[in-house]
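Student: The file below is run_7.txt, compact mmCIF, C-alpha atoms:
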```
# COMPACT_ATOMS: atom_id res chain seq x y z
CA MET A 1 103.37 92.75 119.25
CA ARG A 2 102.84 89.49 117.47
CA SER A 3 105.87 87.14 117.02
CA LEU A 4 108.47 89.41 118.49
CA TRP A 5 111.71 87.57 117.70
CA TRP A 6 112.08 88.50 114.04
CA LYS A 7 111.30 92.15 114.75
CA VAL A 8 114.08 92.19 117.34
CA LEU A 9 116.36 90.48 114.82
CA CYS A 10 115.44 93.15 112.26
CA VAL A 11 116.35 95.98 114.65
CA ILE A 12 119.65 94.34 115.65
CA MET A 13 120.65 93.67 112.01
CA LEU A 14 119.82 97.22 110.91
CA ALA A 15 121.57 98.82 113.89
CA TYR A 16 124.63 96.74 113.01
CA THR A 17 124.27 97.80 109.36
CA ILE A 18 124.18 101.50 110.20
CA ILE A 19 127.00 101.46 112.75
CA GLY A 20 129.19 98.75 111.20
CA GLY A 21 128.43 99.90 107.70
CA LEU A 22 129.89 103.31 108.42
CA LEU A 23 132.77 102.32 110.68
CA LEU A 24 134.08 98.91 109.60
CA PRO A 25 136.89 98.85 107.00
CA VAL A 26 136.07 98.75 103.29
CA PRO A 27 138.37 98.31 100.28
CA ALA A 28 139.82 101.54 98.87
CA ARG A 29 138.74 102.05 95.25
CA PHE A 30 139.15 104.90 92.83
CA ILE A 31 136.04 106.93 91.95
CA LEU A 32 133.95 105.04 94.52
CA ASN A 33 136.02 106.04 97.57
CA GLU A 34 133.84 105.90 100.67
CA THR A 35 130.63 105.75 98.63
CA ILE A 36 131.28 101.99 98.37
CA ARG A 37 129.42 101.86 101.70
CA ASN A 38 126.21 102.66 99.82
CA LEU A 39 126.23 98.98 98.91
CA TYR A 40 124.76 98.27 102.37
CA PHE A 41 121.84 100.61 101.78
CA HIS A 42 121.10 100.99 98.06
CA VAL A 43 121.32 97.33 96.98
CA PRO A 44 119.17 95.88 99.82
CA MET A 45 116.37 98.28 98.78
CA TRP A 46 116.10 96.40 95.48
CA PHE A 47 116.44 92.99 97.11
CA THR A 48 113.62 93.89 99.49
CA MET A 49 111.50 95.18 96.62
CA ILE A 50 111.96 91.89 94.75
CA LEU A 51 111.04 89.88 97.85
CA LEU A 52 107.92 91.97 98.53
CA PHE A 53 106.80 91.79 94.89
CA GLY A 54 107.37 88.03 95.15
CA PHE A 55 105.01 87.82 98.13
CA SER A 56 102.52 90.01 96.29
CA PHE A 57 102.70 87.67 93.29
CA TYR A 58 102.15 84.66 95.53
CA PHE A 59 99.05 86.20 97.16
CA SER A 60 97.65 87.29 93.80
CA LEU A 61 97.97 83.72 92.55
CA SER A 62 96.35 82.44 95.76
CA TYR A 63 93.51 84.93 95.29
CA LEU A 64 92.93 83.71 91.76
CA ARG A 65 92.78 80.13 93.02
CA LYS A 66 90.61 80.67 96.10
CA GLY A 67 88.77 83.96 95.55
CA ASN A 68 89.15 85.14 99.14
CA LEU A 69 89.30 88.96 99.35
CA GLU A 70 91.71 88.81 102.31
CA LEU A 71 94.31 87.39 99.95
CA ASP A 72 93.80 90.41 97.67
CA ILE A 73 94.38 92.72 100.66
CA ARG A 74 97.66 90.90 101.33
CA ALA A 75 98.72 91.11 97.68
CA VAL A 76 98.14 94.85 97.45
CA GLY A 77 99.84 95.50 100.81
CA PHE A 78 103.04 93.79 99.72
CA ALA A 79 102.93 95.51 96.32
CA LYS A 80 102.55 98.96 97.89
CA ILE A 81 105.47 98.57 100.28
CA GLY A 82 107.49 97.00 97.44
CA ILE A 83 106.83 100.15 95.41
CA LEU A 84 107.94 102.26 98.39
CA PHE A 85 111.25 100.34 98.49
CA SER A 86 111.66 100.66 94.72
CA ILE A 87 111.33 104.46 95.07
CA PHE A 88 113.98 104.39 97.82
CA GLY A 89 116.20 102.25 95.58
CA MET A 90 115.77 104.56 92.62
CA LEU A 91 116.42 107.75 94.59
CA THR A 92 119.46 106.37 96.42
CA GLY A 93 120.81 105.01 93.14
CA MET A 94 120.44 108.39 91.45
CA GLU A 95 122.13 110.14 94.34
CA TRP A 96 124.99 107.66 94.24
CA ALA A 97 125.27 107.91 90.46
CA LYS A 98 125.49 111.69 90.60
CA TYR A 99 128.80 111.50 92.46
CA THR A 100 130.34 108.42 90.84
CA TRP A 101 129.01 108.20 87.27
CA GLY A 102 128.77 112.01 86.96
CA GLN A 103 125.03 112.38 86.51
CA PRO A 104 121.95 111.01 88.23
CA TRP A 105 120.47 109.55 85.07
CA SER A 106 122.77 108.18 82.40
CA ASN A 107 120.31 105.93 80.54
CA ASP A 108 122.11 102.91 81.92
CA PRO A 109 120.30 99.73 80.80
CA LYS A 110 119.61 98.71 84.37
CA GLN A 111 118.21 102.16 85.20
CA LEU A 112 115.93 102.04 82.19
CA ALA A 113 114.74 98.49 82.81
CA THR A 114 114.06 99.28 86.45
CA ALA A 115 112.13 102.40 85.50
CA ILE A 116 109.91 100.30 83.21
CA CYS A 117 109.41 97.79 85.99
CA MET A 118 108.42 100.56 88.42
CA LEU A 119 105.99 102.02 85.90
CA SER A 120 104.35 98.63 85.45
CA TYR A 121 103.77 98.48 89.21
CA PHE A 122 102.49 102.07 89.33
CA ALA A 123 100.02 100.98 86.68
CA TYR A 124 98.90 98.21 89.04
CA LEU A 125 97.85 100.80 91.63
CA ILE A 126 96.20 102.99 89.00
CA LEU A 127 94.32 100.00 87.66
CA ARG A 128 93.06 99.26 91.15
CA GLY A 129 92.07 102.87 91.66
CA GLY A 130 89.95 102.80 88.53
CA ILE A 131 87.64 99.91 89.48
CA LYS A 132 84.92 100.40 92.08
CA ASP A 133 83.60 96.87 92.44
CA GLU A 134 85.79 95.02 94.96
CA GLU A 135 85.53 91.53 93.46
CA LYS A 136 86.17 92.79 89.97
CA ARG A 137 89.05 94.98 91.14
CA ALA A 138 90.63 92.08 92.99
CA LYS A 139 90.37 89.70 90.05
CA ILE A 140 91.59 92.05 87.31
CA SER A 141 94.42 93.45 89.39
CA ALA A 142 95.52 89.96 90.46
CA VAL A 143 95.85 88.94 86.81
CA TYR A 144 97.76 92.15 86.09
CA ASN A 145 100.03 91.60 89.10
CA VAL A 146 101.02 88.16 87.83
CA PHE A 147 101.89 89.77 84.51
CA ALA A 148 103.89 92.57 86.20
CA PHE A 149 105.93 90.09 88.20
CA ALA A 150 106.61 87.98 85.15
CA LEU A 151 107.73 91.13 83.33
CA MET A 152 110.06 92.10 86.18
CA ILE A 153 112.24 88.99 85.84
CA PRO A 154 113.57 89.61 82.31
CA LEU A 155 113.71 93.37 82.98
CA LEU A 156 115.91 93.10 86.05
CA PHE A 157 117.79 89.84 85.69
CA VAL A 158 118.16 89.14 81.97
CA LEU A 159 118.13 92.23 79.74
CA PRO A 160 120.61 94.44 81.69
CA ARG A 161 123.14 91.59 81.66
CA MET A 162 123.09 91.23 77.90
CA VAL A 163 124.42 94.73 77.22
CA ASP A 164 127.21 96.83 78.67
CA SER A 165 126.22 98.69 81.77
CA LEU A 166 127.72 100.94 84.40
CA HIS A 167 126.38 98.68 87.09
CA PRO A 168 128.70 95.95 88.34
CA GLY A 169 127.62 92.46 87.43
CA ASN A 170 126.48 93.42 83.95
CA GLY A 171 128.00 93.15 80.52
CA GLY A 172 128.81 89.50 81.14
CA ASN A 173 130.42 89.80 84.60
CA PRO A 174 128.86 87.91 87.46
CA ALA A 175 127.54 90.23 90.16
CA PHE A 176 129.14 90.20 93.61
CA SER A 177 132.33 88.54 92.45
CA ASN A 178 135.45 88.93 94.56
CA TYR A 179 136.17 92.05 92.59
CA ASP A 180 133.05 93.92 93.76
CA LEU A 181 132.62 92.51 97.21
CA ASP A 182 135.42 91.41 99.50
CA ASN A 183 135.00 89.39 102.66
CA ARG A 184 135.07 92.42 104.94
CA MET A 185 132.09 93.84 103.09
CA ARG A 186 130.19 90.55 103.13
CA MET A 187 130.31 90.72 106.94
CA VAL A 188 128.01 93.75 106.78
CA PHE A 189 126.25 93.21 103.47
CA TYR A 190 124.50 89.94 104.31
CA PRO A 191 123.16 91.12 107.68
CA ALA A 192 122.10 94.34 105.93
CA VAL A 193 120.08 92.37 103.35
CA ILE A 194 118.39 90.32 106.10
CA GLY A 195 117.67 93.45 108.16
CA TRP A 196 116.13 95.40 105.28
CA PHE A 197 114.13 92.32 104.19
CA LEU A 198 112.64 92.04 107.65
CA LEU A 199 111.92 95.79 107.86
CA GLY A 200 110.10 95.72 104.51
CA TYR A 201 108.13 92.67 105.61
CA TRP A 202 107.30 94.28 108.97
CA ILE A 203 105.97 97.50 107.40
CA SER A 204 103.93 95.42 104.92
CA THR A 205 102.36 93.35 107.68
CA LEU A 206 101.34 96.54 109.54
CA HIS A 207 99.73 97.91 106.38
CA ILE A 208 97.97 94.61 105.72
CA ARG A 209 96.73 94.24 109.31
CA ILE A 210 95.13 97.69 109.22
CA ASN A 211 93.35 96.88 105.97
CA LEU A 212 92.28 93.43 107.18
CA PHE A 213 90.88 95.09 110.32
CA ARG A 214 89.00 97.66 108.26
CA PHE A 215 87.69 94.93 105.99
CA LYS A 216 86.38 92.93 108.98
CA THR A 217 84.77 95.89 110.75
CA GLU A 218 83.63 98.19 107.94
CA ASN A 219 83.56 95.61 105.14
CA THR A 220 85.68 97.87 102.97
CA PHE A 221 89.39 98.72 102.63
CA MET B 1 172.92 89.04 86.86
CA ARG B 2 172.72 92.60 85.59
CA LYS B 3 169.54 91.78 83.76
CA ILE B 4 167.93 90.39 86.91
CA SER B 5 168.89 93.41 89.02
CA LEU B 6 167.55 95.71 86.32
CA LEU B 7 164.28 93.78 86.34
CA ILE B 8 164.04 94.04 90.13
CA LEU B 9 164.70 97.77 89.93
CA MET B 10 161.94 98.17 87.35
CA LEU B 11 159.49 96.16 89.46
CA LEU B 12 160.32 98.28 92.49
CA THR B 13 159.64 101.52 90.63
CA VAL B 14 156.33 100.15 89.39
CA ALA B 15 155.42 99.10 92.92
CA ALA B 16 156.39 102.54 94.26
CA LYS B 17 154.24 104.24 91.61
CA ALA B 18 151.31 102.01 92.49
CA GLN B 19 151.66 102.99 96.13
CA GLU B 20 151.69 106.69 95.37
CA ALA B 21 148.32 106.59 93.67
CA GLN B 22 146.12 105.43 96.54
CA PRO B 23 142.39 106.10 96.28
CA GLU B 24 141.41 108.80 98.72
CA MET B 25 139.31 107.56 101.64
CA ALA B 26 137.80 109.47 104.53
CA ASP B 27 140.77 108.81 106.80
CA THR B 28 141.06 112.41 108.01
CA PHE B 29 137.37 112.45 108.82
CA ARG B 30 137.80 109.30 110.87
CA SER B 31 140.99 110.40 112.61
CA GLN B 32 139.30 113.59 113.78
CA GLY B 33 136.51 111.43 115.17
CA LYS B 34 133.75 113.24 113.33
CA ILE B 35 132.41 110.18 111.52
CA TYR B 36 130.95 109.18 114.89
CA VAL B 37 128.70 112.23 114.75
CA VAL B 38 127.18 110.92 111.52
CA VAL B 39 126.75 107.47 113.05
CA LEU B 40 125.03 109.04 116.04
CA VAL B 41 122.66 111.06 113.85
CA LEU B 42 121.73 108.03 111.76
CA ALA B 43 121.27 105.89 114.86
CA THR B 44 118.94 108.54 116.30
CA ILE B 45 116.78 108.67 113.19
CA PHE B 46 116.72 104.90 113.02
CA ALA B 47 115.72 104.62 116.69
CA GLY B 48 112.90 107.09 116.08
CA ILE B 49 111.57 105.16 113.10
CA ILE B 50 111.70 101.86 114.99
CA LEU B 51 109.96 103.43 117.99
CA TYR B 52 107.20 104.64 115.67
CA LEU B 53 106.84 101.20 114.07
CA VAL B 54 106.70 99.48 117.47
CA ARG B 55 104.01 101.87 118.73
CA LEU B 56 102.02 101.44 115.53
CA ASP B 57 102.34 97.68 115.83
CA ARG B 58 101.05 97.79 119.43
CA LYS B 59 98.13 100.01 118.47
CA ILE B 60 97.09 97.67 115.66
CA SER B 61 97.38 94.68 118.01
CA LYS B 62 95.10 96.45 120.49
CA LEU B 63 92.56 97.21 117.75
CA GLU B 64 92.60 93.60 116.61
CA LYS B 65 92.09 92.35 120.17
CA GLY B 66 89.27 94.84 120.82
CA ASN B 67 87.40 93.46 117.84
```
Do you think you could lay out the structure here as structure tokens?

Tutor:
Amino acid sequence: MRSLWWKVLCVIMLAYTIIGGLLLPVPARFILNETIRNLYFHVPMWFTMILLFGFSFYFSLSYLRKGNLELDIRAVGFAKIGILFSIFGMLTGMEWAKYTWGQPWSNDPKQLATAICMLSYFAYLILRGGIKDEEKRAKISAVYNVFAFALMIPLLFVLPRMVDSLHPGNGGNPAFSNYDLDNRMRMVFYPAVIGWFLLGYWISTLHIRINLFRFKTENTF
Amino acid sequence: MRKISLLILMLLTVAAKAQEAQPEMADTFRSQGKIYVVVLVLATIFAGIILYLVRLDRKISKLEKGN
């Protein structure tokens, strides 16, 4: 187990999230009721996805600068686990929406924009699957990854805020204002974000280490 | 004076109405202690996943060292 401390921190934060997130007091709201606790689980999925895609973007840029295939392995590892977290975020969001907004898919601007963003990352994997030559695959997919990350920023942070949305923090309201998130919830929400970040990073590093190992021994991945 | 007392009365009725319509939370669930069952189940699943990750991590470390 390499560099143990942050893995221990991850486990402690997530254990606190699960136990405290279900038991500690939350504000009573109409419609939301106890589902307000989903904030500790659904929202950090997206935050983790953004972080992992950010790492992926960074390694794609590094690959384009240095041309080392190990950097490409890192970029694709972070992108894959980021996609895994985006699927978790989408599914948990649809489950939550079913019971609070009335239907799993209501063509909410943020849902639509996120779906486009996910599709652009699925296309990244498909693009990689379609190219046999490793150098060529690394180079083309790195360029595409930079584009996908640049596309994600307006899709998730700009466009949904310019129109009315069912999500809090859209239609002109700042997200996580005192109205959405009171201090009791912050006590769990921030540790939850850190815990899920670390878990996403941990799974990515495992994936990357396997592929780096395969690359060193079998010269393929 | 009458006006003020009338105003107070009105405010009180409004406050009473607001209290009546409380959002429903899982208070019964918690008072019967059954929420702890859910916490236990989630903690078990989480412990299993972490155990798996730790073992996987160790295995990869061993592979890397063996190389």

Student: Taking all atoms listed in the file into account, which residues of chain A are within 8 Å of chain B, as a tab-separated table (two decimals) with C-alpha atoms, in the coordinates of the input?

Tutor:
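Everything below was put into out_25.tsv:
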```
chain	number	residue	atom	x	y	z
A	1	MET	CA	103.37	92.75	119.25
A	2	ARG	CA	102.84	89.49	117.47
A	11	VAL	CA	116.35	95.98	114.65
A	15	ALA	CA	121.57	98.82	113.89
A	18	ILE	CA	124.18	101.50	110.20
A	19	ILE	CA	127.00	101.46	112.75
A	22	LEU	CA	129.89	103.31	108.42
A	23	LEU	CA	132.77	102.32	110.68
A	28	ALA	CA	139.82	101.54	98.87
A	29	ARG	CA	138.74	102.05	95.25
A	30	PHE	CA	139.15	104.90	92.83
A	31	ILE	CA	136.04	106.93	91.95
A	33	ASN	CA	136.02	106.04	97.57
A	34	GLU	CA	133.84	105.90	100.67
A	203	ILE	CA	105.97	97.50	107.40
A	206	LEU	CA	101.34	96.54	109.54
A	209	ARG	CA	96.73	94.24	109.31
A	210	ILE	CA	95.13	97.69	109.22
A	213	PHE	CA	90.88	95.09	110.32
A	217	THR	CA	84.77	95.89	110.75
```

Student: Can you tell me which residues surround A:Glu70 at a distance of at most 10 Å, considering all atoms listed in the file, apart from same-chain residues fewer than 4 positions away, and format the answer as a list in words?

Tutor: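 Result of the neighbour search: Phe59, Tyr63, Arg74, Ala75, Ala138, Ile208, Asn211, Leu212, Phe215 and Lys216 of chain A.
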
Student: So, counting all atoms listed in the file, which residue among A:Gly129, A:Pro160, A:Gly200, A:Pro25 is closest to A:Ile81?

Tutor: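 Of A:Gly129, A:Pro160, A:Gly200, A:Pro25, the one nearest A:Ile81, counting all atoms listed in the file, is A:Gly200.
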
Student: Choose the residue, out of A:Leu159, A:Ala142, A:Ala79, A:Ile153, that has the smallest atom-to-atom separation from A:Lys110; count all atoms listed in the file.

Tutor: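 Nearest candidate to A:Lys110 out of A:Leu159, A:Ala142, A:Ala79, A:Ile153: A:Leu159.
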
Student: Using only C-alpha atoms, can you list as a VMD selection string the residues within 10 Å of (103.2, 90.0, 91.4)?

Tutor: chain A and resid 50 52 to 61 75 to 76 78 to 79 121 124 141 to 152

Student: Using Å and a single decimal, report how far atom CA of A:Arg65 sits from atom CA of A:Lys139.

Tutor: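 Result for atom CA of A:Lys139 versus atom CA of A:Arg65: 10.3 Å, one decimal.
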
Student: Rounded to one decimal place, report the atom CA of A:Trp202-atom CA of A:Lys7 distance in Å.

Tutor: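 Atom-to-atom, atom CA of A:Trp202 and atom CA of A:Lys7 are spaced 7.3 Å apart.
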
Student: Just how far from atom CA of A:Val188 is atom CA of A:Tyr16, in Å to one decimal?

Tutor: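 Distance between the two atoms: 7.7 Å.
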